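upload-v2.txt (compact mmCIF, C-alpha atoms and all ligand atoms) appears below.
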```
# COMPACT_ATOMS: atom_id res chain seq x y z
CA MET A 1 36.29 -77.73 -42.26
CA ARG A 2 35.87 -81.51 -42.05
CA ASP A 3 38.24 -83.83 -40.20
CA VAL A 4 40.40 -85.85 -42.60
CA ALA A 5 41.87 -89.34 -42.22
CA VAL A 6 44.39 -91.47 -44.07
CA ILE A 7 42.67 -94.74 -45.01
CA GLY A 8 45.23 -96.45 -47.26
CA ILE A 9 48.98 -96.40 -47.93
CA GLY A 10 51.31 -97.97 -50.50
CA CYS A 11 54.99 -97.70 -51.28
CA THR A 12 57.26 -99.37 -53.84
CA LYS A 13 60.70 -100.56 -52.84
CA PHE A 14 63.11 -97.62 -53.17
CA GLY A 15 66.30 -98.09 -55.20
CA GLU A 16 67.44 -98.46 -58.79
CA HIS A 17 64.64 -99.95 -60.89
CA TRP A 18 66.29 -100.58 -64.24
CA ASN A 19 63.42 -102.79 -65.42
CA ARG A 20 60.49 -100.58 -64.39
CA SER A 21 59.19 -97.36 -65.93
CA PHE A 22 58.11 -94.16 -64.20
CA ARG A 23 54.46 -95.08 -64.74
CA ASP A 24 54.97 -98.69 -63.54
CA LEU A 25 56.28 -97.34 -60.24
CA PHE A 26 53.29 -95.07 -59.74
CA VAL A 27 50.77 -97.77 -60.67
CA GLU A 28 52.36 -100.20 -58.18
CA ALA A 29 52.21 -97.70 -55.28
CA GLY A 30 48.62 -96.71 -56.16
CA ALA A 31 47.48 -100.34 -56.38
CA LEU A 32 49.06 -101.10 -52.98
CA ALA A 33 47.24 -98.12 -51.44
CA LEU A 34 43.89 -99.19 -52.92
CA GLU A 35 44.42 -102.75 -51.69
CA ASP A 36 45.31 -101.43 -48.25
CA ALA A 37 42.07 -99.37 -48.17
CA LYS A 38 40.16 -102.39 -49.53
CA MET A 39 38.61 -100.31 -52.31
CA SER A 40 38.54 -100.19 -56.09
CA GLY A 41 39.76 -97.22 -58.10
CA GLU A 42 36.15 -96.38 -58.97
CA LYS A 43 35.72 -94.70 -55.59
CA ILE A 44 38.52 -92.16 -56.21
CA ASP A 45 37.28 -88.58 -56.78
CA ALA A 46 40.60 -86.79 -57.42
CA MET A 47 44.37 -87.20 -57.42
CA TYR A 48 47.35 -84.98 -56.55
CA VAL A 49 50.75 -86.24 -57.70
CA GLY A 50 54.01 -84.89 -56.32
CA ASN A 51 56.75 -84.90 -58.92
CA MET A 52 59.79 -82.67 -59.15
CA SER A 53 61.39 -83.18 -62.51
CA ALA A 54 60.02 -85.94 -64.77
CA GLY A 55 60.82 -83.67 -67.72
CA ARG A 56 64.53 -83.84 -66.92
CA PHE A 57 64.68 -87.41 -65.55
CA VAL A 58 62.43 -89.32 -68.01
CA GLU A 59 61.51 -86.64 -70.60
CA GLN A 60 57.84 -86.77 -69.65
CA GLU A 61 55.62 -83.86 -68.67
CA HIS A 62 51.84 -83.67 -68.15
CA ILE A 63 52.17 -86.00 -65.19
CA GLY A 64 48.70 -85.51 -63.67
CA ALA A 65 46.90 -86.79 -66.77
CA LEU A 66 49.50 -89.51 -67.46
CA ILE A 67 49.14 -90.94 -63.98
CA ALA A 68 45.32 -90.86 -64.07
CA ASP A 69 45.41 -92.60 -67.46
CA TYR A 70 47.76 -95.40 -66.37
CA ALA A 71 45.86 -95.81 -63.12
CA GLY A 72 42.84 -96.69 -65.27
CA MET A 73 40.89 -93.50 -64.57
CA ALA A 74 40.94 -91.83 -68.01
CA SER A 75 37.36 -92.84 -68.84
CA ARG A 76 36.09 -91.40 -65.52
CA HIS A 77 37.71 -88.00 -66.24
CA ILE A 78 38.57 -87.31 -62.59
CA PRO A 79 40.68 -84.22 -61.82
CA SER A 80 44.35 -85.19 -61.50
CA THR A 81 46.93 -82.51 -60.71
CA ARG A 82 50.71 -82.51 -60.61
CA VAL A 83 52.20 -80.65 -57.65
CA GLU A 84 55.79 -79.38 -57.88
CA ALA A 85 57.86 -77.90 -55.07
CA ALA A 86 61.24 -79.60 -55.64
CA CYS A 87 61.92 -82.22 -52.93
CA ALA A 88 58.79 -81.04 -51.05
CA SER A 89 56.49 -81.98 -53.98
CA GLY A 90 55.13 -85.03 -52.12
CA GLY A 91 54.45 -83.11 -48.89
CA LEU A 92 52.57 -80.45 -50.82
CA ALA A 93 50.58 -83.06 -52.80
CA PHE A 94 49.46 -84.54 -49.48
CA ARG A 95 48.53 -81.08 -48.21
CA GLN A 96 46.46 -80.37 -51.34
CA ALA A 97 44.60 -83.67 -50.92
CA VAL A 98 43.90 -82.92 -47.26
CA ILE A 99 42.62 -79.42 -48.10
CA ALA A 100 40.38 -80.81 -50.89
CA VAL A 101 38.74 -83.27 -48.49
CA ALA A 102 38.61 -80.86 -45.53
CA SER A 103 36.87 -78.23 -47.67
CA GLY A 104 34.16 -80.66 -48.76
CA MET A 105 35.06 -80.29 -52.46
CA GLU A 106 36.13 -83.95 -52.76
CA ASP A 107 35.57 -87.10 -50.72
CA ILE A 108 38.09 -89.82 -51.58
CA VAL A 109 41.40 -88.43 -52.82
CA VAL A 110 44.77 -89.99 -53.71
CA ALA A 111 47.94 -88.11 -52.77
CA ALA A 112 50.94 -89.65 -54.45
CA GLY A 113 54.55 -88.96 -55.31
CA VAL A 114 56.82 -90.48 -57.92
CA GLU A 115 60.31 -89.92 -59.29
CA LYS A 116 62.58 -92.00 -61.51
CA MET A 117 66.04 -90.50 -61.20
CA THR A 118 68.48 -93.19 -62.30
CA ASP A 119 67.78 -93.22 -66.05
CA VAL A 120 70.11 -90.24 -66.59
CA GLU A 121 73.84 -89.82 -66.00
CA PRO A 122 74.91 -88.55 -62.54
CA SER A 123 75.90 -85.16 -64.00
CA ALA A 124 72.37 -84.80 -65.44
CA SER A 125 70.65 -85.77 -62.18
CA THR A 126 72.87 -83.34 -60.25
CA ASP A 127 71.99 -80.58 -62.71
CA ALA A 128 68.25 -81.37 -62.59
CA LEU A 129 68.33 -81.19 -58.78
CA THR A 130 70.15 -77.85 -58.99
CA GLY A 131 66.97 -76.47 -60.53
CA ALA A 132 65.58 -76.47 -56.97
CA ALA A 133 68.16 -73.83 -56.00
CA ASP A 134 68.46 -70.32 -57.45
CA ARG A 135 69.75 -71.11 -60.96
CA GLU A 136 71.05 -67.59 -61.68
CA TRP A 137 72.78 -66.91 -58.36
CA GLU A 138 73.74 -70.43 -57.27
CA GLY A 139 73.50 -73.03 -60.08
CA PHE A 140 75.20 -71.01 -62.83
CA VAL A 141 78.23 -70.34 -60.61
CA GLY A 142 78.72 -74.03 -59.87
CA ALA A 143 76.80 -74.67 -56.65
CA THR A 144 75.26 -78.15 -56.40
CA PHE A 145 73.01 -79.48 -53.63
CA PRO A 146 75.83 -81.26 -51.83
CA GLY A 147 77.78 -77.97 -52.15
CA LEU A 148 74.97 -75.81 -50.73
CA TYR A 149 74.36 -78.12 -47.76
CA ALA A 150 78.14 -78.29 -47.21
CA MET A 151 78.08 -74.50 -46.74
CA ILE A 152 75.29 -74.90 -44.19
CA ALA A 153 77.33 -77.62 -42.41
CA LYS A 154 80.48 -75.44 -42.34
CA ASP A 155 78.54 -72.48 -40.97
CA TYR A 156 76.81 -74.63 -38.34
CA MET A 157 80.03 -76.35 -37.19
CA HIS A 158 81.82 -73.00 -36.97
CA LYS A 159 79.01 -71.38 -34.94
CA TYR A 160 78.13 -74.24 -32.60
CA GLY A 161 81.27 -76.39 -32.47
CA MET A 162 79.55 -79.59 -33.58
CA THR A 163 82.19 -82.25 -34.31
CA ARG A 164 82.50 -84.30 -37.49
CA GLU A 165 81.86 -87.46 -35.43
CA GLN A 166 78.61 -86.05 -33.99
CA LEU A 167 77.40 -85.31 -37.53
CA ALA A 168 78.26 -88.87 -38.62
CA HIS A 169 75.94 -90.27 -35.92
CA VAL A 170 72.95 -89.06 -38.01
CA ALA A 171 73.87 -91.46 -40.83
CA VAL A 172 74.74 -94.36 -38.52
CA LYS A 173 71.35 -94.05 -36.77
CA ASN A 174 69.41 -93.74 -40.03
CA HIS A 175 71.13 -96.80 -41.54
CA TYR A 176 70.31 -98.76 -38.35
CA ASN A 177 66.62 -97.88 -38.85
CA GLY A 178 66.72 -98.44 -42.62
CA ALA A 179 68.13 -101.93 -42.04
CA ARG A 180 64.77 -102.66 -40.39
CA ASN A 181 62.68 -101.28 -43.28
CA PRO A 182 61.90 -103.65 -46.19
CA ILE A 183 61.53 -100.81 -48.72
CA ALA A 184 64.90 -99.17 -47.97
CA GLN A 185 67.41 -98.60 -50.77
CA PHE A 186 70.45 -99.18 -48.52
CA PRO A 187 69.20 -101.50 -45.76
CA SER A 188 72.58 -102.04 -44.12
CA GLU A 189 73.94 -101.03 -40.74
CA ILE A 190 77.11 -98.92 -40.85
CA THR A 191 79.65 -97.63 -38.31
CA LEU A 192 81.07 -94.18 -37.65
CA ASP A 193 84.15 -95.29 -39.60
CA THR A 194 82.01 -96.07 -42.67
CA VAL A 195 80.91 -92.44 -42.71
CA LEU A 196 84.21 -90.84 -41.72
CA LYS A 197 86.27 -92.82 -44.27
CA SER A 198 83.81 -92.56 -47.18
CA THR A 199 84.58 -90.51 -50.28
CA MET A 200 84.53 -86.73 -49.82
CA VAL A 201 81.66 -85.20 -51.83
CA ALA A 202 81.67 -81.52 -50.73
CA GLU A 203 83.75 -80.78 -47.63
CA PRO A 204 82.77 -81.59 -44.86
CA LEU A 205 80.04 -83.85 -46.38
CA ARG A 206 81.11 -87.35 -47.40
CA LEU A 207 79.25 -90.01 -49.40
CA PHE A 208 77.47 -91.36 -46.30
CA ASP A 209 76.28 -87.86 -45.33
CA CYS A 210 74.29 -87.71 -48.59
CA SER A 211 70.93 -89.13 -49.59
CA PRO A 212 71.23 -91.20 -52.78
CA ILE A 213 69.73 -90.95 -56.26
CA THR A 214 66.59 -93.11 -56.17
CA ASP A 215 63.63 -94.46 -58.14
CA GLY A 216 60.39 -94.96 -56.25
CA ALA A 217 56.77 -94.06 -55.68
CA ALA A 218 54.38 -93.78 -52.75
CA ALA A 219 50.63 -93.19 -52.48
CA VAL A 220 48.13 -92.53 -49.71
CA ILE A 221 44.34 -92.28 -49.81
CA VAL A 222 42.55 -89.67 -47.71
CA ALA A 223 38.85 -89.43 -46.88
CA PRO A 224 36.54 -87.58 -44.48
CA LEU A 225 37.10 -89.03 -40.99
CA GLU A 226 33.36 -89.71 -40.69
CA ARG A 227 33.56 -92.10 -43.69
CA ALA A 228 36.93 -93.68 -42.82
CA LYS A 229 35.51 -96.72 -41.00
CA GLU A 230 33.84 -97.82 -44.27
CA PHE A 231 37.34 -98.70 -45.48
CA THR A 232 39.61 -99.42 -42.52
CA ASP A 233 39.56 -100.30 -38.82
CA THR A 234 42.62 -98.12 -38.24
CA PRO A 235 42.07 -94.69 -39.78
CA ILE A 236 44.80 -92.18 -38.98
CA LYS A 237 43.59 -88.61 -38.42
CA VAL A 238 45.36 -85.63 -39.94
CA LEU A 239 45.78 -83.31 -36.94
CA ALA A 240 47.59 -80.51 -38.77
CA THR A 241 48.79 -79.44 -42.19
CA ALA A 242 51.20 -76.51 -42.54
CA GLN A 243 53.37 -75.01 -45.25
CA ALA A 244 55.89 -72.16 -45.34
CA SER A 245 58.29 -70.58 -47.81
CA ASP A 246 61.53 -68.57 -47.68
CA SER A 247 64.07 -66.96 -50.01
CA ILE A 248 65.26 -69.49 -52.57
CA ALA A 249 68.96 -68.51 -52.45
CA LEU A 250 71.03 -69.17 -49.34
CA HIS A 251 72.75 -65.74 -49.46
CA ASP A 252 69.40 -63.99 -48.86
CA ARG A 253 68.77 -65.85 -45.59
CA ARG A 254 68.93 -64.24 -42.14
CA ASP A 255 70.93 -67.26 -40.91
CA ILE A 256 71.84 -70.14 -43.23
CA SER A 257 71.97 -72.79 -40.49
CA THR A 258 68.39 -72.14 -39.40
CA LEU A 259 65.66 -72.96 -41.93
CA ASP A 260 63.13 -70.25 -41.04
CA ALA A 261 60.49 -71.97 -43.19
CA SER A 262 60.88 -75.11 -41.02
CA VAL A 263 60.45 -72.98 -37.90
CA ALA A 264 57.34 -71.29 -39.32
CA ALA A 265 55.71 -74.46 -40.67
CA GLY A 266 56.47 -76.34 -37.44
CA GLN A 267 54.95 -73.62 -35.27
CA ARG A 268 51.84 -73.42 -37.48
CA ALA A 269 51.39 -77.20 -37.32
CA PHE A 270 51.73 -77.32 -33.52
CA ARG A 271 49.25 -74.43 -33.22
CA MET A 272 46.73 -76.09 -35.54
CA ALA A 273 46.94 -79.43 -33.70
CA ARG A 274 47.02 -77.70 -30.27
CA LEU A 275 50.02 -79.87 -29.38
CA THR A 276 53.66 -79.36 -28.37
CA GLN A 277 56.89 -81.23 -29.09
CA LYS A 278 56.34 -83.38 -25.99
CA ASP A 279 53.21 -84.91 -27.59
CA ILE A 280 55.08 -86.25 -30.64
CA ASN A 281 56.15 -89.91 -30.45
CA MET A 282 58.30 -89.94 -33.64
CA VAL A 283 59.13 -87.61 -36.50
CA GLU A 284 60.22 -88.15 -40.09
CA VAL A 285 62.47 -85.21 -41.05
CA HIS A 286 64.06 -84.26 -44.35
CA ASP A 287 67.64 -85.55 -43.99
CA CYS A 288 68.72 -85.02 -47.61
CA PHE A 289 72.15 -84.50 -46.01
CA SER A 290 73.13 -85.34 -42.42
CA ILE A 291 73.36 -81.62 -41.57
CA ALA A 292 69.75 -81.17 -42.71
CA GLU A 293 68.54 -83.51 -39.94
CA ILE A 294 70.61 -81.59 -37.37
CA CYS A 295 68.96 -78.30 -38.43
CA ALA A 296 65.49 -79.87 -38.70
CA ILE A 297 65.25 -81.24 -35.17
CA GLU A 298 66.30 -77.85 -33.79
CA ASP A 299 64.06 -75.83 -36.12
CA LEU A 300 61.06 -77.99 -35.15
CA GLY A 301 61.90 -77.41 -31.48
CA PHE A 302 62.89 -80.93 -30.39
CA CYS A 303 66.19 -79.62 -28.98
CA LYS A 304 67.85 -76.21 -28.51
CA LYS A 305 69.78 -74.48 -31.31
CA GLY A 306 73.37 -75.70 -31.38
CA THR A 307 72.74 -78.89 -29.40
CA ALA A 308 71.48 -81.37 -32.02
CA GLY A 309 74.92 -82.92 -32.62
CA LYS A 310 75.31 -83.97 -28.99
CA PHE A 311 71.58 -84.86 -28.76
CA THR A 312 72.03 -87.26 -31.71
CA ALA A 313 75.35 -88.72 -30.53
CA ASP A 314 73.74 -89.35 -27.11
CA GLY A 315 71.10 -91.54 -28.79
CA GLU A 316 68.12 -89.23 -28.08
CA THR A 317 66.94 -89.52 -31.72
CA ALA A 318 67.42 -93.32 -31.94
CA LEU A 319 64.57 -95.85 -31.78
CA GLY A 320 64.57 -95.96 -27.97
CA GLY A 321 65.45 -92.26 -27.50
CA LYS A 322 63.54 -89.20 -26.32
CA ILE A 323 62.26 -88.42 -29.83
CA PRO A 324 62.92 -91.11 -32.45
CA VAL A 325 63.81 -89.42 -35.75
CA ASN A 326 63.52 -91.07 -39.18
CA THR A 327 62.40 -94.52 -38.12
CA SER A 328 62.07 -95.35 -41.86
CA GLY A 329 65.82 -94.87 -42.32
CA GLY A 330 65.17 -91.35 -43.58
CA LEU A 331 66.25 -90.10 -46.98
CA LYS A 332 69.78 -91.34 -46.24
CA SER A 333 69.13 -95.07 -45.92
CA CYS A 334 65.58 -95.49 -47.22
CA GLY A 335 66.37 -93.39 -50.31
CA HIS A 336 65.16 -90.10 -51.80
CA PRO A 337 63.06 -90.30 -55.00
CA VAL A 338 62.49 -86.59 -54.61
CA GLY A 339 58.81 -86.23 -55.57
CA ALA A 340 57.84 -89.33 -53.55
CA THR A 341 59.67 -88.59 -50.30
CA GLY A 342 56.96 -86.47 -48.62
CA ILE A 343 54.37 -89.20 -49.22
CA LYS A 344 56.71 -91.96 -48.02
CA GLN A 345 57.13 -89.98 -44.78
CA VAL A 346 53.34 -90.06 -44.29
CA CYS A 347 53.31 -93.82 -45.06
CA GLU A 348 55.97 -94.38 -42.37
CA ILE A 349 54.08 -92.42 -39.70
CA VAL A 350 50.82 -94.22 -40.55
CA THR A 351 52.65 -97.59 -40.36
CA GLN A 352 54.01 -96.65 -36.93
CA LEU A 353 50.62 -95.42 -35.66
CA ARG A 354 48.95 -98.65 -36.79
CA GLY A 355 51.63 -100.64 -34.91
CA ASP A 356 52.79 -102.32 -38.13
CA ALA A 357 56.46 -101.19 -38.17
CA GLY A 358 57.96 -104.52 -37.07
CA ARG A 359 61.57 -104.30 -35.83
CA ARG A 360 61.56 -100.48 -35.97
CA GLN A 361 58.20 -100.05 -34.15
CA ILE A 362 57.94 -97.26 -31.55
CA GLU A 363 56.04 -98.67 -28.59
CA ASN A 364 52.62 -97.17 -27.97
CA ALA A 365 52.95 -94.63 -30.80
CA LYS A 366 49.97 -92.26 -30.79
CA ILE A 367 51.08 -89.09 -32.62
CA GLY A 368 53.69 -88.57 -35.35
CA MET A 369 55.03 -85.72 -37.48
CA THR A 370 56.44 -85.32 -41.00
CA HIS A 371 58.78 -82.57 -42.24
CA ASN A 372 59.47 -82.27 -45.99
CA VAL A 373 61.85 -79.64 -47.43
CA GLY A 374 62.15 -78.24 -50.96
CA GLY A 375 65.61 -77.02 -52.00
CA THR A 376 67.68 -75.65 -49.14
CA GLY A 377 64.50 -74.64 -47.30
CA ALA A 378 62.56 -72.37 -49.66
CA THR A 379 59.51 -74.62 -49.20
CA VAL A 380 58.63 -76.68 -46.12
CA ALA A 381 55.58 -78.84 -45.44
CA VAL A 382 54.86 -80.18 -41.95
CA HIS A 383 52.06 -82.60 -41.00
CA ILE A 384 50.93 -84.07 -37.70
CA LEU A 385 48.98 -87.35 -37.69
CA GLY A 386 47.37 -89.21 -34.82
CA ARG A 387 45.64 -92.45 -33.89
CA VAL A 388 41.87 -92.11 -33.66
N1 LIG B 1 75.09 -93.35 -49.64
C1 LIG B 1 75.74 -94.52 -49.61
N2 LIG B 1 76.19 -95.14 -50.72
C2 LIG B 1 75.95 -94.54 -51.89
C3 LIG B 1 75.24 -93.32 -51.99
C4 LIG B 1 74.81 -92.72 -50.80
N3 LIG B 1 74.16 -91.57 -50.82
N4 LIG B 1 75.14 -92.97 -53.29
C5 LIG B 1 75.75 -93.95 -54.00
N5 LIG B 1 76.24 -94.88 -53.15
C6 LIG B 1 77.04 -96.07 -53.49
C7 LIG B 1 76.52 -96.82 -54.70
O1 LIG B 1 75.67 -97.88 -54.34
C8 LIG B 1 77.80 -97.36 -55.32
O2 LIG B 1 78.22 -98.48 -54.59
P1 LIG B 1 78.92 -99.74 -55.32
O3 LIG B 1 80.16 -99.18 -55.96
O4 LIG B 1 79.17 -100.69 -54.21
O5 LIG B 1 77.92 -100.20 -56.34
C9 LIG B 1 78.82 -96.25 -55.04
O6 LIG B 1 78.32 -95.57 -53.88
C10 LIG B 1 78.99 -95.26 -56.18
O7 LIG B 1 77.69 -94.92 -56.64
P2 LIG B 1 77.44 -93.78 -57.71
O8 LIG B 1 76.01 -93.88 -58.13
O9 LIG B 1 78.51 -93.84 -58.77
O10 LIG B 1 77.63 -92.49 -56.82
P3 LIG B 1 77.88 -91.04 -57.34
O11 LIG B 1 79.26 -90.65 -56.94
O12 LIG B 1 77.48 -90.87 -58.76
O13 LIG B 1 76.81 -90.23 -56.44
C11 LIG B 1 76.30 -88.73 -54.68
C12 LIG B 1 76.96 -90.05 -55.08
C13 LIG B 1 76.37 -88.57 -53.18
C14 LIG B 1 77.03 -87.56 -55.35
C15 LIG B 1 74.81 -88.75 -55.16
O14 LIG B 1 74.16 -89.82 -54.55
C16 LIG B 1 74.11 -87.46 -54.88
O15 LIG B 1 74.20 -86.51 -55.64
N6 LIG B 1 73.35 -87.38 -53.77
C17 LIG B 1 72.62 -86.19 -53.39
C18 LIG B 1 71.27 -86.18 -54.02
C19 LIG B 1 70.58 -84.86 -53.83
O16 LIG B 1 71.16 -83.80 -53.90
N7 LIG B 1 69.27 -84.90 -53.61
C20 LIG B 1 68.47 -83.72 -53.39
C21 LIG B 1 68.68 -83.24 -52.02
S1 LIG B 1 67.85 -81.74 -51.64
```
Please lay out the structure from this file as structure tokens.
Amino acid sequence: MRDVAVIGIGCTKFGEHWNRSFRDLFVEAGALALEDAKMSGEKIDAMYVGNMSAGRFVEQEHIGALIADYAGMASRHIPSTRVEAACASGGLAFRQAVIAVASGMEDIVVAAGVEKMTDVEPSASTDALTGAADREWEGFVGATFPGLYAMIAKDYMHKYGMTREQLAHVAVKNHYNGARNPIAQFPSEITLDTVLKSTMVAEPLRLFDCSPITDGAAAVIVAPLERAKEFTDTPIKVLATAQASDSIALHDRRDISTLDASVAAGQRAFRMARLTQKDINMVEVHDCFSIAEICAIEDLGFCKKGTAGKFTADGETALGGKIPVNTSGGLKSCGHPVGATGIKQVCEIVTQLRGDAGRRQIENAKIGMTHNVGGTGATVAVHILGRV
């Protein structure tokens, strides 16, 4: 297997893009990544595009070919593949690109993610997202994603005694970070009161416990590490790629407030990189709801089960804390265009490792991690990246 490096990154602003199409968003992110890697599209050998539900959101399928066409690659006939794993589509697209380069099958590969979610009514976006759960056993009986994560939150609070205020600290911290990220959808600082007095969505989760509905795209370019210096002075090495799956319905889980697929993917990634939690300088986790970040930092081993509420309220996951979590603002403040999120997480870690993160920069960052979840944890992708 060859060593693989990220040599270019690009991200659109996340938010509501009424005046831009699905394909415009992808083309913008791809062009930014090419510009960042100082290369033309002619060097690209293959593309993997994470997308959850363009069929439901913009009535477009056949995304791999569409994206290659609008990126100006139709006449070169390069392989371009859509990757779908609900909200983990981007993380899996990145993993496929890394595997393609590591295996020697391809040299210069784009891993991208794109979603345009705001063109449909809220009821339609909620229903499309429910397709990531078990439609027969969960969706058809009325469960939505806020509802499913609310069950996880209830179970967790009952078992471990986490308070509502401790949970709210996740959102306050992520908005603080997002206010320092130019691409964030909601770049505003908030207080505990903002969270605790916001509209109830699914008890105990309120509006500010939820990630929003978002349009956006992100792209990264990967290459063999030995060729990376042709394109950039700051290649970022992929130290580990891991993926795991679990039962799709919550009722089949051993324990609904532990995502066993996160545990498995995290352990595999640490093993592959020959690193431990202490080596990680910052981690982007999948905070689709505030409770998801609480579970994630425990499942990845950054704190003990049942302690993440206090750990967060004590500031250990803040920018200056023991393990800064979601320096980008996470899904909560930066936004969650579902197919693009896993790639945006990689962009954030690369930005931190290059020292380009401005007012949210982690000093002396050398190694970072991403954690991207599909559904309520039926798919998880974890990556570890490091400075060369
Ligand atoms: N956080 C903070 N503010 C939010 C927000 C969020 N997550 N979502 C919307 N808002 C704001 C809007 O900007 C708007 O503000 P304004 O009135 O000042 O313009 C207001 O709240 C109402 O927005 P609207 O779009 O009507 O919200 P909604 O009630 O239709 O949707 C949620 C709110 C939480 C239900 C929706 O964002 C949602 O379903 N989120 C979860 C997405 C999801 O499940 N993703 C997959 C996870 S696995």
Could you tell me, as a ChimeraX atom specification, which residues have any atom at most 10 Å from (71.0, -68.0, -53.3), counting all atoms listed in the file?
-> /A:133-139,143,148,247-253,376
Give me, as a PDB file with C-alpha atoms, in the frame of the given file, the set of residues whose atoms come within 6 Å of any atom of ligand LIG 1 (chain B), counting all atoms listed in the file.
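Dumped to out.pdb:
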```pdb
ATOM      1  CA  PRO A 122      74.910 -88.550 -62.540  1.00  0.00           C
ATOM      2  CA  THR A 126      72.870 -83.340 -60.250  1.00  0.00           C
ATOM      3  CA  LEU A 129      68.330 -81.190 -58.780  1.00  0.00           C
ATOM      4  CA  PHE A 145      73.010 -79.480 -53.630  1.00  0.00           C
ATOM      5  CA  PRO A 146      75.830 -81.260 -51.830  1.00  0.00           C
ATOM      6  CA  LEU A 207      79.250 -90.010 -49.400  1.00  0.00           C
ATOM      7  CA  PHE A 208      77.470 -91.360 -46.300  1.00  0.00           C
ATOM      8  CA  CYS A 210      74.290 -87.710 -48.590  1.00  0.00           C
ATOM      9  CA  SER A 211      70.930 -89.130 -49.590  1.00  0.00           C
ATOM     10  CA  PRO A 212      71.230 -91.200 -52.780  1.00  0.00           C
ATOM     11  CA  ILE A 213      69.730 -90.950 -56.260  1.00  0.00           C
ATOM     12  CA  CYS A 288      68.720 -85.020 -47.610  1.00  0.00           C
ATOM     13  CA  GLY A 375      65.610 -77.020 -52.000  1.00  0.00           C
TER      14      GLY A 375
END
```
For Ala46 (chain A), list every protein, DNA or RNA residue within 8 Å, evaluated using all atoms listed in the file, and leave out those in the same chain fewer than 3 positions away; present the list as a list in words.
-> Ile78, Pro79, Ser80, Glu106, Ile108, Val109 and Val110 of chain A
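Across A:Ile67, A:Met47, A:Cys334, A:Val27, the tightest approach to Glu189 (chain A) is made by A:Cys334 when counting only C-alpha atoms.
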Write out as an MDAnalysis selection string the residues lying within 12 Å of Ser188 (chain A), counting all atoms listed in the file and excluding same-chain residues fewer than 2 positions away.
-> chainID A and resid 171:182 184:186 190:191 194 208 329 332:334
Using only C-alpha atoms, find the one residue out of A:Thr163, A:Thr12, A:Gln361, A:Ser53 that sits nearest to Ala128 (chain A).
-> A:Ser53
Need the neighbours of (49.4, -88.0, -34.9): which residues are at most 6 Å away, counting only C-alpha atoms, as a VMD selection string?
-> chain A and resid 366 to 368 384 to 387
Using all atoms listed in the file, which residue out of A:Gly64, A:Gly301, A:Gly104, A:Gly330 lies closest to Leu259 (chain A)?
-> A:Gly301
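With distances restricted to only C-alpha atoms, A:Thr341 is the closest residue to Glu115 (chain A) from A:Thr258, A:Thr341, A:Thr276, A:Thr81.
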Mind giving me the straight-line distance from CA of Ala308 (chain A) to CA of Val338 (chain A) in Å, one decimal?
-> 24.9 Å
